[in-house]
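Participant: For reference, this is model21.txt, and it has compact mmCIF, C-alpha atoms.
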# COMPACT_ATOMS: atom_id res chain seq x y z
CA MET K 8 6.06 164.66 22.77
CA LEU K 9 7.59 166.16 25.89
CA GLU K 10 10.91 164.49 25.13
CA ASN K 11 11.46 166.58 21.99
CA VAL K 12 11.31 169.96 23.77
CA ASN K 13 14.61 171.53 24.74
CA PHE K 14 13.77 172.68 28.28
CA LEU K 15 17.19 174.22 28.88
CA LEU K 16 16.71 176.57 25.92
CA ILE K 17 13.25 177.63 27.14
CA ARG K 18 14.61 178.33 30.61
CA GLU K 19 17.52 180.33 29.20
CA ILE K 20 15.18 182.47 27.08
CA ILE K 21 12.76 183.21 29.96
CA SER K 22 15.67 183.98 32.27
CA SER K 23 17.27 186.34 29.73
CA VAL K 24 14.01 188.26 29.28
CA PHE K 25 13.61 188.72 33.05
CA ILE K 26 17.24 189.80 33.45
CA ILE K 27 17.14 192.29 30.58
CA ILE K 28 13.96 193.95 31.91
CA GLY K 29 15.42 194.11 35.42
CA VAL K 30 18.69 195.62 34.25
CA MET K 31 16.77 198.20 32.21
CA PHE K 32 14.80 199.28 35.30
CA MET K 33 18.03 199.57 37.29
CA LEU K 34 19.76 201.59 34.57
CA ILE K 35 16.79 203.97 34.39
CA ALA K 36 16.83 204.40 38.17
CA THR K 37 20.53 205.26 38.08
CA ILE K 38 20.05 207.82 35.30
CA GLY K 39 17.30 209.32 37.44
CA LEU K 40 19.73 209.52 40.35
CA LEU K 41 22.02 211.67 38.23
CA ARG K 42 19.39 213.82 36.51
CA PHE K 43 16.74 214.82 39.02
CA PRO K 44 17.14 218.21 40.71
CA ASP K 45 16.27 217.51 44.33
CA PHE K 46 17.02 214.96 47.04
CA TYR K 47 13.39 213.89 47.66
CA ILE K 48 12.57 213.40 43.95
CA ARG K 49 15.75 211.39 43.49
CA MET K 50 14.90 209.14 46.39
CA SER K 51 11.35 208.45 45.27
CA ALA K 52 12.67 207.52 41.84
CA ILE K 53 15.34 205.20 43.20
CA THR K 54 13.51 203.09 45.77
CA LYS K 55 10.95 201.86 43.24
CA GLY K 56 13.35 201.23 40.36
CA ALA K 57 15.99 199.41 42.37
CA THR K 58 13.49 197.22 44.20
CA LEU K 59 11.63 196.11 41.07
CA GLY K 60 14.85 195.64 39.05
CA LEU K 61 16.48 193.52 41.74
CA GLY K 62 13.34 191.41 42.09
CA LEU K 63 13.24 190.71 38.34
CA ILE K 64 16.95 189.81 38.12
CA LEU K 65 16.70 187.40 41.04
CA THR K 66 13.51 185.81 39.64
CA GLY K 67 15.30 185.19 36.35
CA MET K 68 18.15 183.54 38.20
CA GLY K 69 15.81 181.30 40.19
CA ILE K 70 14.12 180.15 36.98
CA TYR K 71 17.45 179.34 35.31
CA PHE K 72 18.92 177.19 38.11
CA ASN K 73 15.75 175.09 38.53
CA GLU K 74 16.46 173.71 42.01
CA PRO K 75 14.30 173.85 45.17
CA ASP K 76 17.19 175.21 47.27
CA MET K 77 17.80 178.05 44.83
CA PHE K 78 14.12 178.98 44.63
CA LEU K 79 13.89 179.17 48.44
CA LYS K 80 16.97 181.40 48.69
CA VAL K 81 15.74 183.69 45.91
CA ALA K 82 12.33 184.02 47.60
CA LEU K 83 14.15 184.89 50.84
CA ILE K 84 16.19 187.67 49.23
CA ILE K 85 13.19 189.11 47.34
CA SER K 86 10.92 189.23 50.39
CA PHE K 87 13.71 190.74 52.48
CA THR K 88 14.33 193.46 49.87
CA PHE K 89 10.62 194.28 49.59
CA ILE K 90 10.33 194.64 53.37
CA THR K 91 13.49 196.61 54.10
CA SER K 92 13.74 198.99 51.13
CA PRO K 93 10.73 201.23 52.00
CA VAL K 94 11.74 201.23 55.67
CA ALA K 95 15.22 202.48 54.82
CA ALA K 96 13.76 205.10 52.45
CA HIS K 97 11.39 206.35 55.14
CA VAL K 98 14.16 206.63 57.74
CA ILE K 99 16.50 208.49 55.38
CA GLY K 100 13.69 210.82 54.28
CA ARG K 101 12.76 211.66 57.86
CA THR K 102 16.40 212.34 58.68
CA ALA K 103 16.62 214.67 55.68
CA VAL K 104 13.54 216.63 56.77
CA ARG K 105 14.83 216.96 60.33
CA ASN K 106 18.19 218.16 58.99
CA LYS K 107 16.44 220.83 56.86
CA ILE K 108 17.64 219.57 53.48
CA PRO K 109 16.19 222.12 50.99
CA PHE K 110 13.28 221.24 48.69
CA TRP K 111 13.15 222.01 44.97
CA PRO K 112 11.99 225.65 44.55
CA LYS K 113 8.96 224.56 42.49
CA THR K 114 7.69 222.26 45.25
CA ASN K 115 4.27 223.04 46.66
CA LEU K 116 4.79 223.12 50.42
CA ASP K 117 1.48 224.62 51.61
CA GLU K 118 0.43 221.76 53.87
CA PHE K 119 3.94 221.14 55.14
CA LYS K 120 4.74 224.59 56.48
CA GLY K 121 2.64 224.05 59.58
CA TYR K 122 4.55 220.86 60.35
CA LEU K 123 7.92 222.47 59.76
CA ARG K 124 7.11 225.36 62.07
CA LYS K 125 5.10 223.61 64.78
CA ASP K 126 6.89 220.30 65.21
CA HIS K 127 10.36 221.75 65.22
CA MET K 128 9.33 224.51 67.59
CA THR K 129 7.85 222.07 70.09
CA ARG K 130 10.83 219.77 69.85
CA ASN K 131 13.28 222.58 70.47
CA HIS K 132 11.10 223.78 73.32
CA GLN K 133 11.06 220.37 74.99
CA LYS K 134 14.79 220.08 74.53
CA GLU K 135 15.35 223.41 76.23
CA GLU K 136 13.10 222.35 79.11
CA LYS K 137 15.03 219.13 79.51
CA GLU K 138 18.29 220.99 79.55
CA GLN K 139 17.05 223.42 82.16
CA LYS K 140 15.73 220.74 84.52
CA PRO K 141 18.97 219.22 85.82
CA MET I 29 -2.83 187.41 60.17
CA LYS I 30 -1.13 184.90 62.48
CA THR I 31 -3.02 182.05 60.79
CA PHE I 32 -1.80 183.23 57.40
CA PHE I 33 1.87 183.15 58.42
CA VAL I 34 1.50 179.71 59.99
CA HIS I 35 -0.11 178.42 56.77
CA LEU I 36 2.61 180.06 54.67
CA LEU I 37 5.34 178.32 56.67
CA ILE I 38 3.56 174.94 56.51
CA ALA I 39 3.05 175.23 52.73
CA LEU I 40 6.66 176.34 52.08
CA ILE I 41 8.22 173.59 54.19
CA SER I 42 5.98 170.81 52.90
CA SER I 43 6.39 171.73 49.23
CA TYR I 44 10.17 172.00 49.74
CA VAL I 45 10.30 168.55 51.35
CA TYR I 46 8.10 167.14 48.58
CA PHE I 47 10.44 168.32 45.85
CA LYS I 48 13.67 167.56 47.68
CA TYR I 49 12.99 164.14 49.20
CA GLY I 50 9.69 163.00 47.69
CA ASP I 51 8.94 161.62 44.25
CA PRO I 52 7.29 164.37 42.14
CA ILE I 53 5.09 163.47 39.18
CA PHE I 54 6.86 165.92 36.87
CA PRO I 55 10.50 166.92 37.42
CA TYR I 56 11.00 170.19 39.26
CA ASN I 57 10.32 173.50 37.57
CA ALA I 58 9.18 176.90 38.80
CA ILE I 59 5.59 176.79 37.52
CA TRP I 60 5.00 173.31 38.93
CA ALA I 61 6.46 174.41 42.29
CA VAL I 62 4.10 177.39 42.47
CA VAL I 63 1.15 175.13 41.55
CA VAL I 64 1.96 172.66 44.35
CA TRP I 65 2.49 175.48 46.86
CA SER I 66 -0.83 177.14 46.05
CA ALA I 67 -2.65 173.79 46.14
CA ILE I 68 -1.42 173.25 49.71
CA MET I 69 -2.50 176.80 50.59
CA VAL I 70 -5.99 176.19 49.17
CA VAL I 71 -6.39 172.93 51.11
CA LEU I 72 -5.36 174.69 54.33
CA TRP I 73 -7.73 177.56 53.48
CA LEU I 74 -10.68 175.17 53.09
CA THR I 75 -10.13 173.84 56.60
CA THR I 76 -10.19 177.28 58.25
CA PRO I 77 -14.00 177.61 58.86
CA LEU I 78 -13.53 175.05 61.64
CA TYR I 79 -11.36 177.29 63.83
CA HIS I 80 -10.98 180.78 62.30
CA LYS I 81 -14.15 182.09 60.65
CA SER I 82 -13.02 185.52 59.43
CA TYR I 83 -9.86 184.23 57.71
CA PHE I 84 -12.06 182.26 55.32
CA ARG I 85 -13.49 185.41 53.72
CA LYS I 86 -10.40 187.62 54.12
CA LEU I 87 -7.97 185.64 51.97
CA PRO I 88 -9.59 186.44 48.57
CA LYS I 89 -9.48 190.14 49.48
CA ALA I 90 -5.80 189.78 50.46
CA ILE I 91 -4.98 188.23 47.09
CA ALA I 92 -6.84 191.04 45.29
CA PHE I 93 -4.86 193.55 47.38
CA VAL I 94 -1.51 192.00 46.46
CA ALA I 95 -2.47 191.91 42.76
CA TYR I 96 -3.52 195.58 42.86
CA PHE I 97 -0.23 196.46 44.60
CA LEU I 98 1.90 194.69 41.98
CA LYS I 99 -0.02 196.39 39.16
CA GLU I 100 0.51 199.80 40.78
CA LEU I 101 4.23 199.02 41.26
CA VAL I 102 4.77 198.30 37.56
CA VAL I 103 2.67 201.30 36.42
CA ALA I 104 4.61 203.58 38.79
CA ASN I 105 7.93 202.40 37.43
CA LEU I 106 6.88 202.93 33.81
CA LYS I 107 5.62 206.44 34.61
CA VAL I 108 8.84 207.47 36.35
CA ALA I 109 10.93 205.81 33.62
CA TYR I 110 9.13 207.85 30.96
CA ASP I 111 9.83 211.01 32.90
CA ILE I 112 13.51 210.18 33.36
CA LEU I 113 14.13 209.40 29.70
CA THR I 114 12.41 212.44 28.15
CA PRO I 115 14.43 215.66 28.33
CA HIS I 116 11.77 217.95 29.85
CA TYR I 117 10.20 216.74 33.03
CA ARG I 118 6.55 217.44 33.79
CA LEU I 119 7.00 217.30 37.53
CA GLN I 120 4.86 219.21 39.98
CA PRO I 121 6.14 217.96 43.34
CA THR I 122 4.09 218.66 46.41
CA VAL I 123 3.81 217.59 50.03
CA VAL I 124 0.34 216.65 51.26
CA ALA I 125 -0.80 215.87 54.80
CA LEU I 126 -2.80 212.64 54.70
CA PRO I 127 -5.10 212.20 57.72
CA LEU I 128 -4.90 208.61 58.91
CA SER I 129 -7.89 206.43 59.75
CA VAL I 130 -5.77 203.42 60.68
CA THR I 131 -4.58 203.43 64.28
CA THR I 132 -2.19 200.63 65.22
CA ASP I 133 1.55 200.79 64.64
CA PHE I 134 1.57 197.75 62.36
CA GLU I 135 -1.04 199.21 60.01
CA ILE I 136 0.76 202.54 59.82
CA THR I 137 4.03 200.76 58.99
CA VAL I 138 2.45 198.71 56.21
CA LEU I 139 0.64 201.75 54.77
CA ALA I 140 3.81 203.88 54.76
CA GLY I 141 5.77 201.09 53.08
CA ILE I 142 3.15 200.57 50.38
CA ILE I 143 2.90 204.32 49.72
CA THR I 144 6.67 204.51 49.34
CA LEU I 145 6.63 201.77 46.71
CA THR I 146 3.81 203.15 44.52
CA PRO I 147 3.30 205.93 41.92
CA GLY I 148 5.69 208.77 42.53
CA THR I 149 4.87 209.04 46.21
CA LEU I 150 7.20 208.88 49.19
CA SER I 151 6.13 208.89 52.82
CA ILE I 152 8.31 211.34 54.71
CA ASP I 153 7.17 211.55 58.30
CA VAL I 154 4.43 210.68 60.77
CA SER I 155 3.29 213.43 63.12
CA SER I 156 4.04 212.83 66.78
CA ASP I 157 0.42 211.95 67.68
CA LYS I 158 0.19 209.37 64.82
CA LYS I 159 -2.75 211.15 63.16
CA ILE I 160 -1.14 212.58 60.01
CA LEU I 161 1.17 211.00 57.44
CA TYR I 162 3.18 213.44 55.32
CA VAL I 163 3.48 212.24 51.72
CA HIS I 164 5.78 213.69 49.07
CA SER I 165 4.24 213.25 45.62
CA LEU I 166 5.76 213.86 42.20
CA TYR I 167 2.64 214.41 40.10
CA LEU I 168 -0.22 216.72 41.07
CA LYS I 169 -2.99 217.04 38.49
CA HIS I 170 -4.63 220.49 38.17
CA ASN I 171 -3.26 221.63 41.56
CA ASP I 172 -5.84 219.43 43.25
CA ALA I 173 -4.44 218.01 46.48
CA GLU I 174 -7.84 216.72 47.62
CA GLN I 175 -8.09 214.38 44.65
CA LEU I 176 -4.68 212.85 45.39
CA LYS I 177 -5.61 212.32 49.04
CA GLN I 178 -8.92 210.74 48.07
CA SER I 179 -7.24 208.35 45.63
CA LEU I 180 -4.67 207.28 48.24
CA LYS I 181 -7.35 206.79 50.89
CA GLN I 182 -9.74 204.92 48.58
CA GLY I 183 -7.01 202.85 46.95
CA PHE I 184 -4.91 201.54 49.80
CA GLU I 185 -6.18 202.59 53.19
CA ARG I 186 -9.72 201.28 52.68
CA ARG I 187 -8.49 197.88 51.46
CA LEU I 188 -5.99 197.63 54.30
CA MET I 189 -8.68 198.43 56.88
CA GLU I 190 -10.93 195.76 55.40
CA LEU I 191 -8.14 193.24 55.89
CA THR I 192 -7.12 194.06 59.44
CA ALA I 193 -10.50 195.04 60.90
CA MET J 9 29.38 182.00 22.37
CA SER J 10 25.68 181.46 22.78
CA ILE J 11 23.08 184.20 22.87
CA PHE J 12 22.52 183.49 26.57
CA SER J 13 26.06 184.21 27.74
CA PHE J 14 26.06 187.29 25.50
CA THR J 15 22.94 188.50 27.35
CA LEU J 16 24.60 187.92 30.70
CA ILE J 17 27.76 189.78 29.73
CA PHE J 18 25.66 192.67 28.40
CA ALA J 19 23.74 192.80 31.69
CA MET J 20 27.02 192.76 33.62
CA ALA J 21 28.32 195.69 31.57
CA ALA J 22 25.11 197.68 32.09
CA LEU J 23 25.30 197.14 35.84
CA SER J 24 28.94 198.25 35.85
CA ILE J 25 27.90 201.48 34.13
CA CYS J 26 25.29 201.86 36.88
CA LEU J 27 28.03 201.50 39.49
CA VAL J 28 30.14 204.21 37.86
CA MET J 29 27.19 206.63 37.68
CA THR J 30 26.29 205.95 41.30
CA ALA J 31 29.89 206.65 42.26
CA ILE J 32 29.68 210.03 40.47
CA ARG J 33 26.60 210.94 42.52
CA PHE J 34 28.42 209.70 45.63
CA ALA J 35 31.26 212.09 44.88
CA ILE J 36 29.30 215.22 43.94
CA GLY J 37 26.23 214.72 46.17
CA PRO J 38 25.72 218.06 47.88
CA THR J 39 24.51 216.70 51.21
CA LEU J 40 25.08 213.69 53.43
CA PRO J 41 21.60 212.08 52.87
CA ASP J 42 22.35 212.10 49.14
CA ARG J 43 25.40 209.99 49.80
CA ILE J 44 23.46 207.58 52.01
CA THR J 45 20.92 207.08 49.20
CA ALA J 46 23.72 206.51 46.71
CA PHE J 47 25.17 203.91 49.07
CA ASP J 48 21.80 202.14 49.16
CA LEU J 49 21.68 201.94 45.37
CA PHE J 50 25.32 200.80 45.35
CA VAL J 51 24.45 197.77 47.50
CA ALA J 52 21.46 196.91 45.27
CA ASN J 53 23.71 197.06 42.19
CA VAL J 54 26.32 194.80 43.78
CA ILE J 55 23.62 192.25 44.70
CA GLY J 56 22.54 192.24 41.04
CA ILE J 57 26.13 191.75 39.89
CA VAL J 58 26.59 188.83 42.31
CA ALA J 59 23.38 187.24 40.99
CA ILE J 60 24.49 187.52 37.37
CA TYR J 61 27.95 186.24 38.22
CA THR J 62 26.38 183.22 39.89
CA GLU J 63 24.48 182.49 36.72
CA LEU J 64 27.54 183.02 34.52
CA THR J 65 29.78 180.61 36.43
CA GLY J 66 27.08 178.13 37.45
CA ASN J 67 28.49 177.94 40.99
CA VAL J 68 25.55 177.89 43.41
CA ASP J 69 27.57 178.92 46.48
CA PHE J 70 27.83 182.58 45.47
CA ILE J 71 24.16 183.26 46.20
CA ASP J 72 24.86 183.17 49.96
CA VAL J 73 26.98 186.29 49.43
CA ALA J 74 23.90 188.07 48.07
CA ILE J 75 21.83 187.11 51.14
CA ILE J 76 24.43 188.46 53.57
CA LEU J 77 24.93 191.58 51.45
CA SER J 78 21.21 192.40 51.43
CA LEU J 79 21.21 192.12 55.23
CA PHE J 80 24.24 194.33 55.72
CA GLY J 81 23.20 196.97 53.20
CA PHE J 82 19.98 197.61 55.12
CA LEU J 83 21.89 197.70 58.41
CA GLY J 84 24.44 200.14 56.97
CA SER J 85 21.97 202.69 55.62
CA ILE J 86 19.83 202.55 58.79
CA SER J 87 22.81 203.10 61.06
CA PHE J 88 24.10 205.99 58.94
CA ALA J 89 20.70 207.68 59.12
CA TYR J 90 20.48 207.09 62.88
CA TYR J 91 23.94 208.53 63.42
CA LEU J 92 23.07 211.58 61.32
CA MET J 93 19.88 212.17 63.30
CA LYS J 94 21.72 211.88 66.62
CA SER J 95 24.61 214.11 65.65
CA THR J 96 22.55 217.14 64.58
CA ARG J 97 20.23 217.40 67.58
Go ahead and render the structure in this file as structure tokens.
Facilitator:
Amino acid sequence: MLENVNFLLIREIISSVFIIIGVMFMLIATIGLLRFPDFYIRMSAITKGATLGLGLILTGMGIYFNEPDMFLKVALIISFTFITSPVAAHVIGRTAVRNKIPFWPKTNLDEFKGYLRKDHMTRNHQKEEKEQKP
Amino acid sequence: MKTFFVHLLIALISSYVYFKYGDPIFPYNAIWAVVVWSAIMVVLWLTTPLYHKSYFRKLPKAIAFVAYFLKELVVANLKVAYDILTPHYRLQPTVVALPLSVTTDFEITVLAGIITLTPGTLSIDVSSDKKILYVHSLYLKHNDAEQLKQSLKQGFERRLMELTA
Amino acid sequence: MSIFSFTLIFAMAALSICLVMTAIRFAIGPTLPDRITAFDLFVANVIGIVAIYTELTGNVDFIDVAIILSLFGFLGSISFAYYLMKSTR
């Protein structure tokens, strides 16, 4: 019974479905990059969409090739993307806050004002002390 | 945690060698590879009560955590996708200060990464004494910041603390 | 032309449109962090294109390019952010 099934066709169909869904997520993330009004909103839309889309495309590719080597390499790329993408987003976001990139006017910043005032004040203060010491 | 990574490496290498140089019952395909890999993991898991007691009861919780995380990832993407594709956005962005109960650097890193990857939230900064995590969120229901904080704490932080405690 | 290669070519075209739109944001982005984010998405798009090209040609060697590219994209965005943080203090 197993001899009659066309396994190549099944693999091609599963792979196409994964790739189409992944490409759709990526396209939506890119439209979000163009449309959203503010740097922070854009970034929180992008990190999720790009990570999930890339994972789905690579999974589809691993299913199509059907080799142990390929599956290992695909797992390597996916795990690496899932580890590094939030780290990069966090670092860029922190840099943006430190550089005083403006928020969207509608953003509710009540709990953040204390941080903006206090942390920057102390940091500038320490910097001045350091400069005065030598 | 160390035991888990050692087991992961053993299972990956042995299943790879089995498919590459051994003589598999069925020819290689992705589902069969995952089945063999998880069978090796289960066998290794059953031997753990001999040398690592707590790992034996932590692994089911870890699997539940990963499943919950994947579900949240897909739901988050669909939510944001709906907002991108409709012409008027219903955004109410806000920044909340989330008080942290986790203490070590590793736990804070994992928590910040998971928060960045889930529903409309983005971790911006950690205060200098490592007590507060600032989270930028896209959706705030009824102007209720406490509810958002409670859901983040109950959803991820509690499960993470159960795993690493 | 089978339905499978049609799917792959469609996916390739969609990712190319993504590249063009990312380049527009790269050009008009008002601040420097905007451009770093656009660069991040650029690298992710190119990795996707390399993956689909591998599948289209059936040549397994191209996947190594994707591994190296994912490493260097992370390194690039991190070093840009670090440089930006150093330069404004």
Participant: Between CA of Thr62 in chain J and CA of Leu16 in chain J, what distance in Å does the model show, to one decimal?
Facilitator: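 Between these atoms lies a distance of 10.5 Å.
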Participant: I need the chain K residues near chain J as a compact mmCIF listing (two decimals) with C-alpha atoms, in the coordinates of the input; criterion: at most 9 Å, counting all atoms listed in the file.
Facilitator:
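Output file out15.txt is given in full below:
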# COMPACT_ATOMS: atom_id res chain seq x y z
CA GLU K 19 17.52 180.33 29.20
CA ILE K 20 15.18 182.47 27.08
CA SER K 22 15.67 183.98 32.27
CA SER K 23 17.27 186.34 29.73
CA ILE K 26 17.24 189.80 33.45
CA ILE K 27 17.14 192.29 30.58
CA VAL K 30 18.69 195.62 34.25
CA MET K 31 16.77 198.20 32.21
CA MET K 33 18.03 199.57 37.29
CA LEU K 34 19.76 201.59 34.57
CA ALA K 36 16.83 204.40 38.17
CA THR K 37 20.53 205.26 38.08
CA ILE K 38 20.05 207.82 35.30
CA LEU K 40 19.73 209.52 40.35
CA LEU K 41 22.02 211.67 38.23
CA PHE K 46 17.02 214.96 47.04
CA ARG K 49 15.75 211.39 43.49
CA MET K 50 14.90 209.14 46.39
CA ILE K 53 15.34 205.20 43.20
CA THR K 54 13.51 203.09 45.77
CA ALA K 57 15.99 199.41 42.37
CA THR K 58 13.49 197.22 44.20
CA GLY K 60 14.85 195.64 39.05
CA LEU K 61 16.48 193.52 41.74
CA ILE K 64 16.95 189.81 38.12
CA LEU K 65 16.70 187.40 41.04
CA MET K 68 18.15 183.54 38.20
CA TYR K 71 17.45 179.34 35.31
CA PHE K 72 18.92 177.19 38.11
CA MET K 77 17.80 178.05 44.83
CA LYS K 80 16.97 181.40 48.69
CA VAL K 81 15.74 183.69 45.91
CA LEU K 83 14.15 184.89 50.84
CA ILE K 84 16.19 187.67 49.23
CA PHE K 87 13.71 190.74 52.48
CA THR K 88 14.33 193.46 49.87
CA THR K 91 13.49 196.61 54.10
CA SER K 92 13.74 198.99 51.13
CA VAL K 94 11.74 201.23 55.67
CA ALA K 95 15.22 202.48 54.82
CA ALA K 96 13.76 205.10 52.45
CA VAL K 98 14.16 206.63 57.74
CA ILE K 99 16.50 208.49 55.38
CA GLY K 100 13.69 210.82 54.28
CA ARG K 101 12.76 211.66 57.86
CA THR K 102 16.40 212.34 58.68
CA ALA K 103 16.62 214.67 55.68
CA ARG K 105 14.83 216.96 60.33
CA ASN K 106 18.19 218.16 58.99
CA ILE K 108 17.64 219.57 53.48
Participant: Figure out the distance between CA of Lys107 in chain I and CA of Leu166 in chain I, please, to one decimal in Å.
Facilitator: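 These atoms are spaced 10.6 Å apart.
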Participant: Val130 in chain I: which residues within 10 Å, counting only C-alpha atoms, same-chain residues fewer than 2 positions away excluded, as a ChimeraX atom specification?
Facilitator: /I:127-128,132-136,139,158-159,185-186,188-189,192-193
Participant: Which one is closest to chain K: I:Trp73, I:Phe32, I:Phe47, I:Phe93? Count all atoms listed in the file.
Facilitator: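 Result for the nearest residue to chain K: I:Phe47.
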Participant: How many Å lie between CA of Arg42 in chain K and CA of Thr146 in chain I, rounded to one decimal?
Facilitator: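 Separation of CA of Arg42 in chain K and CA of Thr146 in chain I: 20.5 Å.
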Participant: Kindly provide, as a PyMOL selection string, the polymer residues lying within 8 Å of (10.1, 212.6, 48.9), counting only C-alpha atoms and using the coordinates exactly as they appear in the file.
Facilitator: (chain K and resi 46-51+100) or (chain I and resi 149-152+163-165)
Participant: Find the residue from I:Ile41, I:Leu74, I:Ile91, I:Val34 that sits nearest to chain K; use only C-alpha atoms when measuring.
Facilitator: I:Ile41
Participant: Which residue is closest to Ser155 in chain I? Choose from I:Asp51, I:Val45, I:Leu37, I:Ala125 and count only C-alpha atoms.
Facilitator: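 Using only C-alpha atoms, Ser155 in chain I sits closest to I:Ala125.
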Participant: Which of these, K:Val24, K:Val104, K:Glu74, K:Phe32, has the shortest distance to Gly56 in chain K once you count all atoms listed in the file?
Facilitator: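 Checking each candidate against Gly56 in chain K, we get K:Phe32 as the closest.
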Participant: Just the residues within 10 Å of Val102 in chain I, please, counting all atoms listed in the file, with nothing from its chain fewer than 3 positions along; format it as a list of chain:residue names.
Facilitator: K:Lys55, K:Gly56, K:Leu59, I:Phe97, I:Leu98, I:Lys99, I:Asn105, I:Leu106, I:Lys107, I:Leu145, I:Thr146, I:Pro147
Participant: My structure is short of atoms at range 37-43 of chain I; please model all heavy atoms there, returning them as a short mmCIF file (atom, residue, chain, number, x, y, z; two decimals), in the frame of the given file.
Facilitator:
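Wrote out.cif, looks like this:
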data_model
loop_
_atom_site.label_atom_id
_atom_site.label_comp_id
_atom_site.auth_asym_id
_atom_site.auth_seq_id
_atom_site.Cartn_x
_atom_site.Cartn_y
_atom_site.Cartn_z
N LEU I 37 4.19 179.13 56.28
CA LEU I 37 5.34 178.32 56.67
C LEU I 37 5.08 176.84 56.38
O LEU I 37 5.95 176.16 55.82
CB LEU I 37 5.61 178.50 58.16
CG LEU I 37 6.59 179.60 58.52
CD1 LEU I 37 6.79 179.66 60.01
CD2 LEU I 37 7.92 179.31 57.85
N ILE I 38 3.87 176.37 56.74
CA ILE I 38 3.56 174.94 56.51
C ILE I 38 3.65 174.61 55.02
O ILE I 38 4.27 173.62 54.62
CB ILE I 38 2.15 174.60 57.04
CG1 ILE I 38 2.13 174.70 58.57
CG2 ILE I 38 1.75 173.20 56.63
CD1 ILE I 38 0.75 174.53 59.15
N ALA I 39 3.06 175.50 54.18
CA ALA I 39 3.05 175.23 52.73
C ALA I 39 4.47 175.25 52.17
O ALA I 39 4.84 174.40 51.36
CB ALA I 39 2.18 176.25 52.02
N LEU I 40 5.29 176.25 52.61
CA LEU I 40 6.66 176.34 52.08
C LEU I 40 7.45 175.09 52.45
O LEU I 40 8.08 174.46 51.60
CB LEU I 40 7.35 177.57 52.66
CG LEU I 40 7.22 178.87 51.89
CD1 LEU I 40 7.96 179.98 52.59
CD2 LEU I 40 7.81 178.68 50.51
N ILE I 41 7.40 174.71 53.75
CA ILE I 41 8.22 173.59 54.19
C ILE I 41 7.76 172.29 53.54
O ILE I 41 8.58 171.50 53.05
CB ILE I 41 8.17 173.47 55.73
CG1 ILE I 41 8.89 174.67 56.35
CG2 ILE I 41 8.84 172.19 56.20
CD1 ILE I 41 8.76 174.74 57.83
N SER I 42 6.42 172.09 53.45
CA SER I 42 5.98 170.81 52.90
C SER I 42 6.25 170.70 51.41
O SER I 42 6.63 169.64 50.92
CB SER I 42 4.50 170.59 53.21
OG SER I 42 3.78 171.72 52.83
N SER I 43 6.10 171.83 50.66
CA SER I 43 6.39 171.73 49.23
C SER I 43 7.89 171.54 49.01
O SER I 43 8.30 170.79 48.11
CB SER I 43 5.88 172.95 48.48
OG SER I 43 6.44 174.11 49.00
#
